[in-house]
Amino acid sequence: PASAAVLPYMEQTFGTWYPAGGMRALADAVYARCVERGVEFRFGAPVERIVVADGRAAGVVTADGEVTEAEHVVAGVTPQALAGLVPGGAPWEASDAPAGPPPGPVPARMTVALALRGARPDGTAHRTVVHTDDRAAELAAVFGGGAPAAPTVTVLRPDDPATRPDDAHEAVTLTATVAAPGPGGLAADAVEALAERMTERAGAAVPELRERLLWREALPPSGEALLPGPALAGGGGRFLRPANRTRIPGLYAVGGWSHPGGGPAHAGMSGAIVAGLIVNGDDWHGST
């Protein structure tokens, strides 16, 4: 669709923002800001179900049986997971839910971090995409559960002192879209083999990569870290995302699996929309 050309056009014409320290620094900054504003975080506390009382969301029950009451519940999970947390299944009206799931499984992401000796050369591109030689085979592997022999690899080489010990070294991050792993994840040998193929592919963008490589660390794809795509019109509504507001008063959906879809910008927009609905009421129609 034509809308898919908007982001590349914006990047090529106006550039993009990059958080010093990478995406982790952005997450840390958001966390620090929330703590400053009085937010309490509870990690390692899986939610078993959402409490619905008097017809509206009233809190959550965690795996240890503790009930936490709340005036509003904001869920950032997949539609399938959210349907399993509330009575009656899918918490959306028919008009607010997509017509059906997109065809095929949802892919995941493989990340490989490289530590290189030697300085980052002046004029190095921040991001380079090394495309596969066989797009059809790659798509068949990603959506068929296999491992592409020559995956498309995104090579990130930011000029960021926060990611390296000194100017005599360089940190490079490789990412590739791969098939979602099964419940047990990828075996160690499969992870290493995929990391090796990605490193080999990255050599097209990083001269003398092998000679400069000190070590690498592979971050394998997770069944819980799938890649929600953007919400797109067409396709009979299959590529849309469920609405942020549900049929249960006080229960809202955010994140890449809800409107307006995946990616940090879209996921952040979903949070802004829900904040507006909570503060101004469910009939609010503001802009973000």
# chains A, B, ... in the order shown; residues from 1 in each chain; ligands from 1
call {"tool": "select_by_dssp", "arguments": {"residues": "region 109-273 of chain A", "states": "alpha helix (DSSP H)", "output": "PyMOL selection string"}}
result
chain A and resi 135-144+188-202+209-212+264-273
call {"tool": "write_last_selection", "arguments": {"atoms": "N, CA, C and O atoms", "output": "short mmCIF file (atom, residue, chain, number, x, y, z; two decimals), in the first residue's frame"}}
result
data_model
loop_
_atom_site.label_atom_id
_atom_site.label_comp_id
_atom_site.auth_asym_id
_atom_site.auth_seq_id
_atom_site.Cartn_x
_atom_site.Cartn_y
_atom_site.Cartn_z
N ARG A 135 14.34 -13.91 -2.29
CA ARG A 135 13.25 -13.40 -1.46
C ARG A 135 12.15 -14.45 -1.27
O ARG A 135 11.60 -14.59 -0.18
N ALA A 136 11.83 -15.19 -2.31
CA ALA A 136 10.77 -16.20 -2.22
C ALA A 136 11.14 -17.27 -1.20
O ALA A 136 10.30 -17.69 -0.39
N ALA A 137 12.40 -17.71 -1.22
CA ALA A 137 12.83 -18.74 -0.26
C ALA A 137 12.82 -18.20 1.16
O ALA A 137 12.46 -18.92 2.10
N GLU A 138 13.20 -16.94 1.32
CA GLU A 138 13.19 -16.35 2.65
C GLU A 138 11.78 -16.25 3.21
O GLU A 138 11.52 -16.61 4.36
N LEU A 139 10.83 -15.78 2.39
CA LEU A 139 9.45 -15.67 2.84
C LEU A 139 8.88 -17.04 3.19
O LEU A 139 8.15 -17.20 4.18
N ALA A 140 9.22 -18.04 2.37
CA ALA A 140 8.73 -19.40 2.64
C ALA A 140 9.26 -19.91 3.97
O ALA A 140 8.55 -20.59 4.72
N ALA A 141 10.52 -19.57 4.28
CA ALA A 141 11.11 -20.02 5.54
C ALA A 141 10.50 -19.28 6.73
O ALA A 141 10.15 -19.88 7.74
N VAL A 142 10.38 -17.96 6.61
CA VAL A 142 9.87 -17.16 7.73
C VAL A 142 8.44 -17.54 8.08
O VAL A 142 8.08 -17.68 9.26
N PHE A 143 7.60 -17.71 7.05
CA PHE A 143 6.19 -17.99 7.32
C PHE A 143 5.86 -19.48 7.27
O PHE A 143 4.73 -19.87 7.50
N GLY A 144 6.89 -20.29 7.00
CA GLY A 144 6.67 -21.73 6.99
C GLY A 144 7.35 -22.46 8.12
O GLY A 144 7.27 -23.68 8.22
N ALA A 188 20.21 -24.48 20.96
CA ALA A 188 21.44 -23.68 20.99
C ALA A 188 22.21 -23.77 19.68
O ALA A 188 22.74 -22.76 19.19
N ASP A 189 22.26 -24.96 19.08
CA ASP A 189 23.00 -25.09 17.83
C ASP A 189 22.31 -24.36 16.68
O ASP A 189 22.97 -23.81 15.79
N ALA A 190 20.96 -24.31 16.71
CA ALA A 190 20.23 -23.58 15.68
C ALA A 190 20.44 -22.08 15.83
O ALA A 190 20.57 -21.36 14.83
N VAL A 191 20.49 -21.60 17.06
CA VAL A 191 20.76 -20.18 17.31
C VAL A 191 22.14 -19.81 16.81
O VAL A 191 22.33 -18.79 16.13
N GLU A 192 23.13 -20.64 17.11
CA GLU A 192 24.50 -20.36 16.69
C GLU A 192 24.62 -20.40 15.17
O GLU A 192 25.31 -19.56 14.57
N ALA A 193 23.95 -21.34 14.53
CA ALA A 193 24.01 -21.44 13.07
C ALA A 193 23.39 -20.21 12.42
O ALA A 193 23.93 -19.68 11.43
N LEU A 194 22.27 -19.74 12.96
CA LEU A 194 21.63 -18.56 12.40
C LEU A 194 22.48 -17.32 12.64
O LEU A 194 22.61 -16.46 11.77
N ALA A 195 23.09 -17.22 13.83
CA ALA A 195 23.98 -16.09 14.11
C ALA A 195 25.16 -16.07 13.16
O ALA A 195 25.61 -15.01 12.71
N GLU A 196 25.67 -17.25 12.82
CA GLU A 196 26.79 -17.34 11.89
C GLU A 196 26.39 -16.88 10.50
O GLU A 196 27.12 -16.15 9.82
N ARG A 197 25.18 -17.28 10.04
CA ARG A 197 24.72 -16.85 8.72
C ARG A 197 24.50 -15.35 8.68
O ARG A 197 24.82 -14.69 7.69
N MET A 198 23.96 -14.78 9.77
CA MET A 198 23.74 -13.34 9.82
C MET A 198 25.07 -12.59 9.81
O MET A 198 25.21 -11.55 9.15
N THR A 199 26.05 -13.10 10.54
CA THR A 199 27.36 -12.46 10.57
C THR A 199 28.00 -12.50 9.18
O THR A 199 28.61 -11.52 8.72
N GLU A 200 27.86 -13.62 8.50
CA GLU A 200 28.41 -13.75 7.15
C GLU A 200 27.76 -12.74 6.21
O GLU A 200 28.45 -12.09 5.42
N ARG A 201 26.43 -12.59 6.32
CA ARG A 201 25.71 -11.64 5.47
C ARG A 201 26.15 -10.20 5.78
O ARG A 201 26.27 -9.37 4.88
N ALA A 202 26.38 -9.91 7.07
CA ALA A 202 26.74 -8.55 7.47
C ALA A 202 28.09 -8.13 6.93
O ALA A 202 28.39 -6.93 6.84
N LEU A 209 35.02 -7.53 8.55
CA LEU A 209 34.26 -7.84 9.77
C LEU A 209 34.89 -8.99 10.54
O LEU A 209 35.06 -8.91 11.77
N ARG A 210 35.26 -10.05 9.87
CA ARG A 210 35.83 -11.21 10.56
C ARG A 210 37.13 -10.87 11.27
O ARG A 210 37.38 -11.32 12.39
N GLU A 211 37.96 -10.06 10.60
CA GLU A 211 39.25 -9.70 11.20
C GLU A 211 39.07 -8.81 12.42
O GLU A 211 39.88 -8.83 13.35
N ARG A 212 38.01 -8.03 12.45
CA ARG A 212 37.79 -7.08 13.55
C ARG A 212 36.98 -7.67 14.70
O ARG A 212 36.92 -7.09 15.78
N PRO A 264 7.38 1.19 17.49
CA PRO A 264 7.37 2.10 18.65
C PRO A 264 6.45 3.29 18.48
O PRO A 264 5.75 3.68 19.43
N ALA A 265 6.41 3.89 17.28
CA ALA A 265 5.57 5.07 17.09
C ALA A 265 4.09 4.71 17.22
O ALA A 265 3.32 5.39 17.92
N HIS A 266 3.68 3.63 16.57
CA HIS A 266 2.27 3.23 16.63
C HIS A 266 1.89 2.75 18.03
O HIS A 266 0.81 3.07 18.53
N ALA A 267 2.77 1.96 18.66
CA ALA A 267 2.46 1.48 20.00
C ALA A 267 2.36 2.64 20.99
O ALA A 267 1.48 2.67 21.85
N GLY A 268 3.27 3.61 20.85
CA GLY A 268 3.18 4.79 21.70
C GLY A 268 1.91 5.57 21.46
O GLY A 268 1.30 6.09 22.41
N MET A 269 1.47 5.64 20.21
CA MET A 269 0.23 6.33 19.90
C MET A 269 -0.96 5.64 20.56
O MET A 269 -1.90 6.29 21.02
N SER A 270 -0.93 4.30 20.62
CA SER A 270 -2.03 3.59 21.27
C SER A 270 -2.13 3.98 22.74
O SER A 270 -3.22 4.12 23.28
N GLY A 271 -0.98 4.16 23.39
CA GLY A 271 -0.99 4.61 24.79
C GLY A 271 -1.56 6.00 24.93
O GLY A 271 -2.30 6.30 25.87
N ALA A 272 -1.21 6.90 23.99
CA ALA A 272 -1.73 8.26 24.04
C ALA A 272 -3.24 8.27 23.84
O ALA A 272 -3.97 9.04 24.48
N ILE A 273 -3.73 7.39 22.94
CA ILE A 273 -5.17 7.31 22.71
C ILE A 273 -5.89 6.86 23.97
O ILE A 273 -6.91 7.44 24.38
#
call {"tool": "residues_around", "arguments": {"residues": "Ala162 (chain A)", "least_positions_apart": "3", "cutoff": "9 Å", "atoms": "only C-alpha atoms", "output": "PDB file with N, CA, C and O atoms, in the first residue's frame"}}
result
ATOM      1  N   ALA A  20      20.443   8.171  22.421  1.00  0.00           N
ATOM      2  CA  ALA A  20      21.807   7.823  22.819  1.00  0.00           C
ATOM      3  C   ALA A  20      21.759   6.645  23.789  1.00  0.00           C
ATOM      4  O   ALA A  20      21.073   6.685  24.801  1.00  0.00           O
ATOM      5  N   GLY A  21      22.476   5.588  23.449  1.00  0.00           N
ATOM      6  CA  GLY A  21      22.417   4.371  24.245  1.00  0.00           C
ATOM      7  C   GLY A  21      21.515   3.316  23.648  1.00  0.00           C
ATOM      8  O   GLY A  21      21.439   2.199  24.153  1.00  0.00           O
ATOM      9  N   GLY A  22      20.810   3.667  22.557  1.00  0.00           N
ATOM     10  CA  GLY A  22      19.952   2.696  21.890  1.00  0.00           C
ATOM     11  C   GLY A  22      18.567   2.608  22.504  1.00  0.00           C
ATOM     12  O   GLY A  22      18.199   3.365  23.410  1.00  0.00           O
ATOM     13  N   PRO A 165      33.229   0.792  24.649  1.00  0.00           N
ATOM     14  CA  PRO A 165      34.098   1.185  25.766  1.00  0.00           C
ATOM     15  C   PRO A 165      34.950   2.415  25.477  1.00  0.00           C
ATOM     16  O   PRO A 165      35.255   3.188  26.372  1.00  0.00           O
ATOM     17  N   ASP A 166      35.336   2.588  24.186  1.00  0.00           N
ATOM     18  CA  ASP A 166      36.167   3.729  23.811  1.00  0.00           C
ATOM     19  C   ASP A 166      36.117   3.867  22.296  1.00  0.00           C
ATOM     20  O   ASP A 166      35.489   3.062  21.594  1.00  0.00           O
TER      21      ASP A 166
END
call {"tool": "residues_around", "arguments": {"residues": "Gly261 (chain A)", "least_positions_apart": "3", "cutoff": "7 Å", "atoms": "only C-alpha atoms", "output": "number ranges by chain"}}
result
A: 228-231, 241, 256-258, 266-267
call {"tool": "closest_residue", "arguments": {"among": "A:Arg127, A:Ala179, A:Leu85, A:Val51", "to": "Gly15 (chain A)", "atoms": "only C-alpha atoms"}}
result
A:Arg127
call {"tool": "closest_atom_pairs", "arguments": {"of": "region 200-283 of chain A", "to": "region 118-126 of chain A", "cutoff": "10 Å", "atoms": "only C-alpha atoms", "output": "tab-separated table"}}
result
residue	atom	partner	partner_atom	distance
A:Ala205	CA	A:Ala125	CA	9.2
A:Val206	CA	A:Thr124	CA	9.3
A:Arg212	CA	A:Gly118	CA	6.8
A:Leu213	CA	A:Gly118	CA	9.4
call {"tool": "write_last_selection", "arguments": {"atoms": "C-alpha atoms", "output": "tab-separated table (two decimals), in the first residue's frame"}}
result
chain	number	residue	atom	x	y	z
A	205	ALA	CA	28.17	-3.95	4.88
A	206	VAL	CA	31.13	-4.07	7.30
A	212	ARG	CA	37.79	-7.08	13.55
A	213	LEU	CA	35.40	-9.36	15.46
call {"tool": "select_by_dssp", "arguments": {"residues": "region 81-267 of chain A", "states": "strand (DSSP E)", "output": "ChimeraX atom specification"}}
result
/A:108-117,127-130,153-156,169-178,213-219,251-253
